[in-house]
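With PDB, C-alpha atoms and all ligand atoms inside, this is protein05.pdb:
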MODEL        1
ATOM      1  CA  MET A 274      -4.683 -13.238 -24.574
ATOM      2  CA  GLN A 275      -3.957 -10.246 -22.286
ATOM      3  CA  THR A 276      -0.797  -8.255 -22.966
ATOM      4  CA  THR A 277       1.399  -7.265 -20.003
ATOM      5  CA  ALA A 278       0.337  -3.641 -20.636
ATOM      6  CA  ALA A 279      -3.256  -4.605 -19.737
ATOM      7  CA  LEU A 280      -2.253  -6.504 -16.588
ATOM      8  CA  LYS A 281      -1.874  -4.977 -13.142
ATOM      9  CA  PRO A 282       0.980  -5.938 -10.808
ATOM     10  CA  ASP A 283       0.010  -8.063  -7.806
ATOM     11  CA  TYR A 284       1.947  -7.063  -4.697
ATOM     12  CA  GLY A 285      -0.211  -9.146  -2.359
ATOM     13  CA  ASN A 286      -1.558  -8.048   0.995
ATOM     14  CA  TRP A 287       0.283  -8.126   4.336
ATOM     15  CA  VAL A 288      -2.860  -9.619   5.882
ATOM     16  CA  SER A 289      -3.084 -13.231   4.794
ATOM     17  CA  LYS A 290      -6.653 -14.269   3.879
ATOM     18  CA  LYS A 291      -6.403 -17.122   6.404
ATOM     19  CA  PHE A 292      -6.522 -14.516   9.210
ATOM     20  CA  ILE A 293      -9.968 -13.546   7.910
ATOM     21  CA  PHE A 294     -11.384 -16.935   6.940
ATOM     22  CA  VAL A 295     -10.238 -19.028   9.934
ATOM     23  CA  PRO A 296     -11.789 -16.738  12.614
ATOM     24  CA  GLY A 297     -14.837 -16.261  10.354
ATOM     25  CA  LEU A 298     -15.420 -20.010  10.048
ATOM     26  CA  LEU A 299     -14.846 -20.557  13.779
ATOM     27  CA  GLY A 300     -17.317 -17.726  14.461
ATOM     28  CA  LEU A 301     -19.923 -19.484  12.310
ATOM     29  CA  LEU A 302     -19.256 -22.806  14.066
ATOM     30  CA  PHE A 303     -19.758 -21.282  17.525
ATOM     31  CA  LEU A 304     -22.788 -19.350  16.282
ATOM     32  CA  GLY A 305     -24.337 -22.709  15.284
ATOM     33  CA  LEU A 306     -23.561 -24.087  18.760
ATOM     34  CA  ALA A 307     -25.124 -20.963  20.317
ATOM     35  CA  PHE A 308     -28.519 -22.174  19.047
ATOM     36  CA  ILE A 309     -28.050 -25.212  21.322
ATOM     37  CA  ALA A 310     -26.470 -23.388  24.292
ATOM     38  CA  PRO A 311     -26.430 -19.539  24.242
ATOM     39  CA  VAL A 312     -23.076 -19.422  26.085
ATOM     40  CA  TRP A 313     -21.335 -20.257  22.757
ATOM     41  CA  ALA A 314     -22.365 -16.821  21.504
ATOM     42  CA  ILE A 315     -19.409 -15.430  23.492
ATOM     43  CA  PRO A 316     -16.628 -17.213  21.522
ATOM     44  CA  ALA A 317     -18.667 -16.660  18.324
ATOM     45  CA  SER A 318     -18.613 -12.874  18.905
ATOM     46  CA  LEU A 319     -14.907 -12.974  19.721
ATOM     47  CA  PHE A 320     -14.008 -14.798  16.520
ATOM     48  CA  PHE A 321     -16.226 -12.471  14.411
ATOM     49  CA  LEU A 322     -14.464  -9.520  16.029
ATOM     50  CA  ILE A 323     -11.011 -10.924  15.188
ATOM     51  CA  GLY A 324     -12.027 -11.844  11.607
ATOM     52  CA  GLY A 325     -13.659  -8.431  11.183
ATOM     53  CA  TYR A 326     -10.512  -6.664  12.342
ATOM     54  CA  PHE A 327      -8.338  -8.509   9.832
ATOM     55  CA  LEU A 328     -10.924  -7.936   7.075
ATOM     56  CA  PHE A 329     -10.809  -4.196   7.806
ATOM     57  CA  SER A 330      -6.980  -4.243   7.802
ATOM     58  CA  TYR A 331      -6.887  -6.206   4.530
ATOM     59  CA  TYR A 332      -9.228  -3.654   2.958
ATOM     60  CA  ARG A 333      -7.276  -0.590   4.145
ATOM     61  CA  PHE A 334      -3.980  -2.083   2.926
ATOM     62  CA  SER A 335      -5.481  -2.774  -0.530
ATOM     63  CA  PRO A 336      -5.757  -0.231  -3.401
ATOM     64  CA  ALA A 337      -9.568  -0.138  -2.907
ATOM     65  CA  GLY A 338      -9.188   0.853   0.769
ATOM     66  CA  GLY A 339      -6.679   3.686   0.367
ATOM     67  CA  ASP A 340      -3.528   1.729  -0.554
ATOM     68  CA  VAL A 341      -2.003   2.091   2.920
ATOM     69  CA  GLN A 342       0.383  -0.785   2.186
ATOM     70  CA  SER A 343       1.786   0.912  -0.900
ATOM     71  CA  ARG A 344       2.066   4.234   0.938
ATOM     72  CA  ILE A 345       4.073   2.567   3.720
ATOM     73  CA  VAL A 346       6.439   1.058   1.139
ATOM     74  CA  GLY A 347       6.741   4.582  -0.316
ATOM     75  CA  LEU A 348       8.039   5.890   3.031
ATOM     76  CA  ILE A 349      11.300   4.026   2.400
ATOM     77  CA  LEU A 350      11.749   5.839  -0.909
ATOM     78  CA  GLU A 351      11.139   9.129   0.899
ATOM     79  CA  HIS A 352      14.091   8.400   3.189
ATOM     80  CA  LEU A 353      16.597   7.594   0.462
ATOM     81  CA  ASP A 354      19.380   9.984  -0.318
ATOM     82  CA  TRP A 355      20.767   7.991  -3.269
ATOM     83  CA  ASP A 356      21.873   9.092  -6.723
ATOM     84  CA  GLY A 357      20.447   5.917  -8.294
ATOM     85  CA  HIS A 358      23.699   4.782  -9.891
ATOM     86  CA  GLY A 359      24.764   1.230  -9.181
ATOM     87  CA  LYS A 360      23.240  -1.837  -7.573
ATOM     88  CA  ALA A 361      20.433  -2.037  -5.013
ATOM     89  CA  LEU A 362      19.234  -4.944  -2.877
ATOM     90  CA  ASP A 363      15.737  -5.398  -1.385
ATOM     91  CA  ILE A 364      15.809  -7.985   1.414
ATOM     92  CA  GLY A 365      12.559  -9.925   1.968
ATOM     93  CA  CYS A 366      11.007  -8.512  -1.182
ATOM     94  CA  GLY A 367       7.679 -10.421  -0.980
ATOM     95  CA  ASN A 368       6.027  -9.921  -4.369
ATOM     96  CA  GLY A 369       8.554  -7.231  -5.299
ATOM     97  CA  ALA A 370       6.591  -4.109  -4.315
ATOM     98  CA  LEU A 371       9.655  -2.161  -3.158
ATOM     99  CA  THR A 372      12.036  -3.762  -5.686
ATOM    100  CA  VAL A 373       9.865  -2.593  -8.591
ATOM    101  CA  ARG A 374       9.327   0.874  -7.067
ATOM    102  CA  LEU A 375      13.110   1.281  -6.748
ATOM    103  CA  ALA A 376      13.683   0.247 -10.355
ATOM    104  CA  GLN A 377      10.989   2.710 -11.478
ATOM    105  CA  ALA A 378      12.362   5.567  -9.353
ATOM    106  CA  PHE A 379      16.001   5.017 -10.387
ATOM    107  CA  PRO A 380      16.180   4.236 -14.129
ATOM    108  CA  ALA A 381      19.968   3.728 -14.033
ATOM    109  CA  ALA A 382      19.884   1.217 -11.174
ATOM    110  CA  ARG A 383      19.985  -2.569 -11.241
ATOM    111  CA  VAL A 384      17.871  -3.992  -8.422
ATOM    112  CA  THR A 385      17.992  -7.428  -6.802
ATOM    113  CA  GLY A 386      15.044  -8.639  -4.737
ATOM    114  CA  CYS A 387      15.594 -11.622  -2.476
ATOM    115  CA  ASP A 388      13.198 -13.523  -0.251
ATOM    116  CA  PHE A 389      12.840 -16.863   1.475
ATOM    117  CA  TRP A 390       9.343 -17.228  -0.092
ATOM    118  CA  GLY A 391       8.294 -19.599   2.692
ATOM    119  CA  ARG A 392       4.889 -21.219   3.123
ATOM    120  CA  ASN A 393       3.651 -18.619   5.612
ATOM    121  CA  TRP A 394       3.335 -15.992   2.900
ATOM    122  CA  ASP A 395       1.412 -15.862  -0.403
ATOM    123  CA  TYR A 396       4.412 -14.449  -2.278
ATOM    124  CA  SER A 397       6.611 -16.004  -4.972
ATOM    125  CA  GLN A 398       9.573 -15.380  -7.247
ATOM    126  CA  GLN A 399       7.304 -16.029 -10.240
ATOM    127  CA  VAL A 400       4.897 -13.211  -9.260
ATOM    128  CA  CYS A 401       7.885 -10.884  -8.623
ATOM    129  CA  GLU A 402       9.170 -11.533 -12.130
ATOM    130  CA  GLN A 403       5.723 -11.035 -13.601
ATOM    131  CA  ASN A 404       5.296  -7.738 -11.715
ATOM    132  CA  ALA A 405       8.652  -6.524 -13.058
ATOM    133  CA  ARG A 406       7.590  -7.431 -16.622
ATOM    134  CA  ILE A 407       4.194  -5.724 -16.287
ATOM    135  CA  THR A 408       5.795  -2.519 -15.011
ATOM    136  CA  GLY A 409       8.486  -2.535 -17.708
ATOM    137  CA  VAL A 410      11.511  -2.900 -15.392
ATOM    138  CA  ALA A 411      12.256  -6.615 -15.841
ATOM    139  CA  GLU A 412      15.573  -5.998 -17.609
ATOM    140  CA  ARG A 413      16.964  -4.255 -14.517
ATOM    141  CA  CYS A 414      15.438  -6.520 -11.849
ATOM    142  CA  LEU A 415      16.727  -9.856 -10.643
ATOM    143  CA  PHE A 416      14.903 -12.010  -8.102
ATOM    144  CA  GLN A 417      16.691 -14.629  -6.066
ATOM    145  CA  LYS A 418      15.767 -17.049  -3.265
ATOM    146  CA  ALA A 419      17.858 -16.298  -0.170
ATOM    147  CA  SER A 420      17.499 -16.061   3.590
ATOM    148  CA  ALA A 421      17.973 -12.705   5.273
ATOM    149  CA  SER A 422      19.874 -14.503   8.042
ATOM    150  CA  ALA A 423      22.736 -15.547   5.711
ATOM    151  CA  LEU A 424      22.720 -13.556   2.484
ATOM    152  CA  PRO A 425      24.617 -15.189  -0.412
ATOM    153  CA  PHE A 426      26.543 -12.074  -1.445
ATOM    154  CA  GLU A 427      30.061 -10.783  -0.717
ATOM    155  CA  ASP A 428      30.520  -7.987   1.848
ATOM    156  CA  GLY A 429      29.771  -4.549   0.366
ATOM    157  CA  SER A 430      28.155  -5.847  -2.831
ATOM    158  CA  PHE A 431      25.477  -3.118  -3.068
ATOM    159  CA  ASP A 432      25.360   0.678  -3.323
ATOM    160  CA  LEU A 433      21.938   0.693  -1.674
ATOM    161  CA  VAL A 434      20.257  -1.862   0.585
ATOM    162  CA  VAL A 435      16.599  -1.636   1.619
ATOM    163  CA  SER A 436      14.142  -3.856   3.435
ATOM    164  CA  ASN A 437      10.532  -3.506   4.487
ATOM    165  CA  LEU A 438       8.955  -5.327   7.442
ATOM    166  CA  THR A 439      11.144  -8.404   7.093
ATOM    167  CA  PHE A 440      13.797  -8.564   9.846
ATOM    168  CA  HIS A 441      11.283  -9.345  12.619
ATOM    169  CA  GLU A 442       9.987 -12.260  10.522
ATOM    170  CA  VAL A 443      13.301 -14.096  10.249
ATOM    171  CA  SER A 444      12.613 -17.184  12.336
ATOM    172  CA  ASP A 445      16.050 -18.828  12.360
ATOM    173  CA  THR A 446      17.762 -15.900  14.134
ATOM    174  CA  ALA A 447      16.722 -15.266  17.744
ATOM    175  CA  ASP A 448      18.285 -11.790  17.967
ATOM    176  CA  LYS A 449      16.783  -9.848  15.055
ATOM    177  CA  ARG A 450      19.511  -7.181  15.423
ATOM    178  CA  GLN A 451      21.841  -9.749  13.881
ATOM    179  CA  VAL A 452      19.600  -9.815  10.788
ATOM    180  CA  LEU A 453      19.992  -6.040  10.613
ATOM    181  CA  ARG A 454      23.774  -6.465  10.899
ATOM    182  CA  GLU A 455      23.735  -9.032   8.085
ATOM    183  CA  ALA A 456      21.809  -6.529   5.919
ATOM    184  CA  LEU A 457      24.395  -3.826   6.653
ATOM    185  CA  ARG A 458      27.175  -6.249   5.652
ATOM    186  CA  MET A 459      25.743  -5.979   2.115
ATOM    187  CA  VAL A 460      26.264  -2.180   1.918
ATOM    188  CA  LYS A 461      29.516  -1.008   0.336
ATOM    189  CA  PRO A 462      31.533   1.688   2.180
ATOM    190  CA  GLY A 463      29.851   5.016   1.368
ATOM    191  CA  GLY A 464      26.693   3.171   0.301
ATOM    192  CA  LYS A 465      23.181   3.960   1.565
ATOM    193  CA  PHE A 466      20.549   1.960   3.422
ATOM    194  CA  ALA A 467      16.941   2.325   4.587
ATOM    195  CA  PHE A 468      15.132  -0.347   6.574
ATOM    196  CA  GLN A 469      11.564  -0.193   7.844
ATOM    197  CA  ASP A 470      10.468  -2.600  10.540
ATOM    198  CA  LEU A 471       8.875  -2.918  13.995
ATOM    199  CA  PHE A 472      11.866  -1.044  15.432
ATOM    200  CA  LEU A 473       9.742   0.380  18.259
ATOM    201  CA  VAL A 474       8.955  -3.077  19.644
ATOM    202  CA  GLU A 475      11.596  -3.186  22.372
ATOM    203  CA  ALA A 476      11.156  -6.938  22.939
ATOM    204  CA  ILE A 477      12.491  -7.463  19.407
ATOM    205  CA  PHE A 478      14.990  -4.665  18.742
ATOM    206  CA  GLY A 479      15.615  -3.101  22.186
ATOM    207  CA  ASP A 480      15.445   0.632  22.871
ATOM    208  CA  PRO A 481      15.549   2.603  19.562
ATOM    209  CA  ASP A 482      18.237   5.042  20.788
ATOM    210  CA  GLU A 483      20.386   2.128  21.922
ATOM    211  CA  LEU A 484      19.772   0.443  18.563
ATOM    212  CA  VAL A 485      21.116   3.529  16.750
ATOM    213  CA  SER A 486      24.216   3.525  19.018
ATOM    214  CA  LEU A 487      24.692  -0.198  18.429
ATOM    215  CA  VAL A 488      24.535   0.238  14.648
ATOM    216  CA  LYS A 489      27.069   3.078  14.859
ATOM    217  CA  SER A 490      29.345   0.812  16.923
ATOM    218  CA  TRP A 491      29.390  -1.567  13.942
ATOM    219  CA  GLY A 492      31.243   1.105  11.970
ATOM    220  CA  ILE A 493      28.263   2.711  10.248
ATOM    221  CA  ARG A 494      29.037   6.398   9.636
ATOM    222  CA  LYS A 495      25.573   7.928   9.633
ATOM    223  CA  VAL A 496      22.426   6.467  11.198
ATOM    224  CA  GLU A 497      19.052   8.169  11.594
ATOM    225  CA  PHE A 498      15.814   6.847  13.042
ATOM    226  CA  VAL A 499      12.315   8.059  12.243
ATOM    227  CA  ARG A 500       8.978   6.895  13.701
ATOM    228  CA  THR A 501       6.928   6.164  10.599
ATOM    229  CA  CYS A 502       4.055   4.801  12.719
ATOM    230  CA  ASP A 503       3.118   8.443  13.375
ATOM    231  CA  GLU A 504       2.321   9.097   9.708
ATOM    232  CA  PRO A 505      -1.154  10.653   9.617
ATOM    233  CA  PHE A 506      -2.347   8.548   6.677
ATOM    234  CA  ILE A 507      -2.174   5.352   8.803
ATOM    235  CA  PRO A 508      -5.674   4.594  10.176
ATOM    236  CA  ALA A 509      -5.903   4.458  13.995
ATOM    237  CA  LEU A 510      -7.095   0.839  13.957
ATOM    238  CA  LEU A 511      -3.954  -0.240  12.088
ATOM    239  CA  LYS A 512      -1.809   1.326  14.807
ATOM    240  CA  LEU A 513      -2.160  -1.645  17.140
ATOM    241  CA  PRO A 514       1.326  -2.846  18.210
ATOM    242  CA  PHE A 515       1.076  -6.219  16.431
ATOM    243  CA  MET A 516       0.006  -4.518  13.199
ATOM    244  CA  ILE A 517       1.963  -1.407  12.126
ATOM    245  CA  GLY A 518       1.638   0.760  15.219
ATOM    246  CA  ARG A 519       5.333   0.366  16.138
ATOM    247  CA  ILE A 520       7.096   0.828  12.810
ATOM    248  CA  GLY A 521      10.065   3.055  12.100
ATOM    249  CA  ILE A 522      12.821   3.522   9.546
ATOM    250  CA  LEU A 523      16.547   3.246  10.185
ATOM    251  CA  TYR A 524      18.448   4.929   7.381
ATOM    252  CA  GLY A 525      21.858   6.297   6.665
ATOM    253  CA  GLU A 526      25.242   5.747   5.112
ATOM    254  CA  LYS A 527      27.973   3.186   5.753
TER     255      LYS A 527
HETATM  256  C1  LIG A 601       5.472  -8.413   5.745
HETATM  257  S1  LIG A 601       6.195  -9.272   4.400
HETATM  258  C2  LIG A 601       6.924  -7.904   3.557
HETATM  259  C3  LIG A 601       7.183  -8.184   2.104
HETATM  260  C4  LIG A 601       7.710  -6.998   1.296
HETATM  261  N1  LIG A 601       8.932  -6.465   1.855
HETATM  262  C5  LIG A 601       6.666  -5.925   1.183
HETATM  263  O1  LIG A 601       6.900  -4.817   1.681
HETATM  264  O2  LIG A 601       5.607  -6.184   0.591
HETATM  265  C6  LIG A 601       7.574 -10.101   5.145
HETATM  266  C7  LIG A 601       8.480 -10.808   4.130
HETATM  267  O3  LIG A 601       9.590 -11.377   4.827
HETATM  268  C8  LIG A 601       9.936 -12.558   4.132
HETATM  269  N2  LIG A 601      10.788 -13.378   4.984
HETATM  270  C9  LIG A 601      10.473 -13.999   6.150
HETATM  271  N3  LIG A 601      11.553 -14.670   6.600
HETATM  272  C10 LIG A 601      12.559 -14.469   5.718
HETATM  273  C11 LIG A 601      13.920 -14.893   5.645
HETATM  274  N4  LIG A 601      14.468 -15.682   6.578
HETATM  275  N5  LIG A 601      14.648 -14.474   4.588
HETATM  276  C12 LIG A 601      14.126 -13.687   3.640
HETATM  277  N6  LIG A 601      12.851 -13.251   3.653
HETATM  278  C13 LIG A 601      12.077 -13.636   4.676
HETATM  279  C14 LIG A 601       8.573 -13.186   3.836
HETATM  280  O4  LIG A 601       8.692 -14.181   2.839
HETATM  281  C15 LIG A 601       7.810 -11.965   3.376
HETATM  282  O5  LIG A 601       7.964 -11.766   2.003
ENDMDL
END

Kindly present the structure from the file in structure tokens form.
Amino acid sequence: MQTTAALKPDYGNWVSKKFIFVPGLLGLLFLGLAFIAPVWAIPASLFFLIGGYFLFSYYRFSPAGGDVQSRIVGLILEHLDWDGHGKALDIGCGNGALTVRLAQAFPAARVTGCDFWGRNWDYSQQVCEQNARITGVAERCLFQKASASALPFEDGSFDLVVSNLTFHEVSDTADKRQVLREALRMVKPGGKFAFQDLFLVEAIFGDPDELVSLVKSWGIRKVEFVRTCDEPFIPALLKLPFMIGRIGILYGEK
């Protein structure tokens, strides 16, 4: 039997394998048809191109391809000005990548990771708990099923609230700025926050400067915005708008 010390945490990959396999299989199907009528080579090429793009993205996000996913999670930690004392919340924690990193970085903190863990994603509470055990932070991590649109905590319950690439995913709230507001409800007065998302996609969050003003109008004392999509370690092909080409971090103090 393997001990937890020999196991590696599994934080998953933001590119679901279905985005590789479905276009790949459709490409093969149309390639077969192209032997009957060459015109089918056109959709075959298109599907191979799409599958190839997602395969490349999957690889670059993974540890073998440069760990871009982990480095993007790390950007949130770089924008935290927190003393590490008290309670932290990670909203939409996935497999607990950021939750575990927070617990490792702040040995005095207790960290809660919450997620909807819906069918669209290959993440689970069980894997989160296993990752926390493997990395030796299980005693200070709690994982809980909850929706980012209506978090089951009192106002101001946390000294630090973070979230990575989750708000835009919340399907039951049309205006994703309300998900951001719900996240800020969790921060206690004087507490810190750092959220990374597709904040440069105006169709979702509006103009970034106006977003900062809006957040301030909710009574948030300090709000800063930084374009993390410009980080030089992000490969050019991953900078397409629907991938991570429009990400930024909103951080500050309530
Ligand atoms: C791109 S993943 C990011 C996961 C994690 N934050 C990370 O950095 O690895 C988006 C996450 O949002 C979660 N999510 C989607 N809708 C949600 C909701 N309504 N409430 C909570 N989490 C949600 C998904 O389950 C998924 O874990």

**Message:** Which residues, named as in the file, does the PyMOL selection byres (((chain A and resi 290) around 10) and not hetatm) pick out? Answer as number ranges by chain.
**Reply:** A: 286-289, 291-295, 324, 327-328, 331, 395

**Message:** Residues contacting ligand LIG 601 (chain A) - anything with an atom at most 10 Å away, using only C-alpha atoms and all ligand atoms - can you give me those as a ChimeraX atom specification?
**Reply:** /A:284-289,342-343,345-347,349,363-372,386-397,418-424,435-446,452,468-470

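Counting from CA of Gln399 (chain A), the distance to CA of Ala376 (chain A) is 17.5 Å.
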
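Candidate residues A:Ala447, A:Ala310, A:Gly300, A:Thr501 were compared for distance to Ile517 (chain A), and the nearest is A:Thr501, using only C-alpha atoms.
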
**Item:** Neighbour list for Arg413 (chain A) as a list of chain:residue names, cut-off 10 Å, all atoms listed in the file, skip fewer than 4 positions in-chain
**Value:** A:Lys360, A:Val373, A:Ala376, A:Gln377, A:Pro380, A:Ala381, A:Ala382, A:Arg383, A:Val384, A:Thr385, A:Ala405, A:Gly409

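The gap separating CA of Pro282 (chain A) from CA of Ile407 (chain A) is 6.4 Å, in Å to one decimal.
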
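For the residues A:Gly464, A:Leu453, A:Phe431, A:Leu348, ranking by smallest atom-to-atom distance to Ile520 (chain A) using all atoms listed in the file places A:Leu348 first.
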
How would region 439-461 of chain A look with N, CA and C atoms restored, written as a short mmCIF file (atom, residue, chain, number, x, y, z; two decimals), keeping the file's coordinate frame?
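Result file is rebuild.cif:
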data_model
loop_
_atom_site.label_atom_id
_atom_site.label_comp_id
_atom_site.auth_asym_id
_atom_site.auth_seq_id
_atom_site.Cartn_x
_atom_site.Cartn_y
_atom_site.Cartn_z
N THR A 439 10.65 -7.03 7.27
CA THR A 439 11.14 -8.40 7.09
C THR A 439 11.97 -8.91 8.27
N PHE A 440 12.85 -8.07 8.84
CA PHE A 440 13.80 -8.56 9.85
C PHE A 440 13.09 -9.29 11.00
N HIS A 441 11.96 -8.73 11.47
CA HIS A 441 11.28 -9.35 12.62
C HIS A 441 10.70 -10.71 12.26
N GLU A 442 10.58 -11.00 10.96
CA GLU A 442 9.99 -12.26 10.52
C GLU A 442 11.00 -13.41 10.44
N VAL A 443 12.27 -13.08 10.52
CA VAL A 443 13.30 -14.10 10.25
C VAL A 443 13.38 -15.08 11.43
N SER A 444 12.85 -16.27 11.22
CA SER A 444 12.61 -17.18 12.34
C SER A 444 13.87 -17.91 12.79
N ASP A 445 14.89 -18.03 11.93
CA ASP A 445 16.05 -18.83 12.36
C ASP A 445 17.13 -17.99 13.06
N THR A 446 16.82 -16.73 13.37
CA THR A 446 17.76 -15.90 14.13
C THR A 446 17.02 -15.31 15.33
N ALA A 447 17.45 -15.70 16.55
CA ALA A 447 16.72 -15.27 17.74
C ALA A 447 16.85 -13.75 17.94
N ASP A 448 18.05 -13.22 17.78
CA ASP A 448 18.28 -11.79 17.97
C ASP A 448 18.18 -11.10 16.60
N LYS A 449 17.05 -10.43 16.38
CA LYS A 449 16.78 -9.85 15.06
C LYS A 449 17.76 -8.72 14.71
N ARG A 450 18.50 -8.20 15.72
CA ARG A 450 19.51 -7.18 15.42
C ARG A 450 20.64 -7.78 14.59
N GLN A 451 20.81 -9.10 14.71
CA GLN A 451 21.84 -9.75 13.88
C GLN A 451 21.42 -9.82 12.42
N VAL A 452 20.10 -9.84 12.17
CA VAL A 452 19.60 -9.82 10.79
C VAL A 452 19.88 -8.43 10.19
N LEU A 453 19.68 -7.41 11.03
CA LEU A 453 19.99 -6.04 10.61
C LEU A 453 21.49 -5.91 10.29
N ARG A 454 22.32 -6.53 11.12
CA ARG A 454 23.77 -6.46 10.90
C ARG A 454 24.15 -7.17 9.59
N GLU A 455 23.48 -8.30 9.33
CA GLU A 455 23.74 -9.03 8.09
C GLU A 455 23.34 -8.17 6.87
N ALA A 456 22.24 -7.42 7.01
CA ALA A 456 21.81 -6.53 5.92
C ALA A 456 22.86 -5.44 5.69
N LEU A 457 23.39 -4.90 6.78
CA LEU A 457 24.40 -3.83 6.65
C LEU A 457 25.72 -4.35 6.07
N ARG A 458 25.97 -5.63 6.26
CA ARG A 458 27.18 -6.25 5.65
C ARG A 458 27.14 -6.10 4.12
N MET A 459 25.91 -6.04 3.57
CA MET A 459 25.74 -5.98 2.12
C MET A 459 26.10 -4.61 1.53
N VAL A 460 26.08 -3.56 2.40
CA VAL A 460 26.26 -2.18 1.92
C VAL A 460 27.75 -1.89 1.71
N LYS A 461 28.10 -1.32 0.56
CA LYS A 461 29.52 -1.01 0.34
C LYS A 461 29.88 0.27 1.11
#
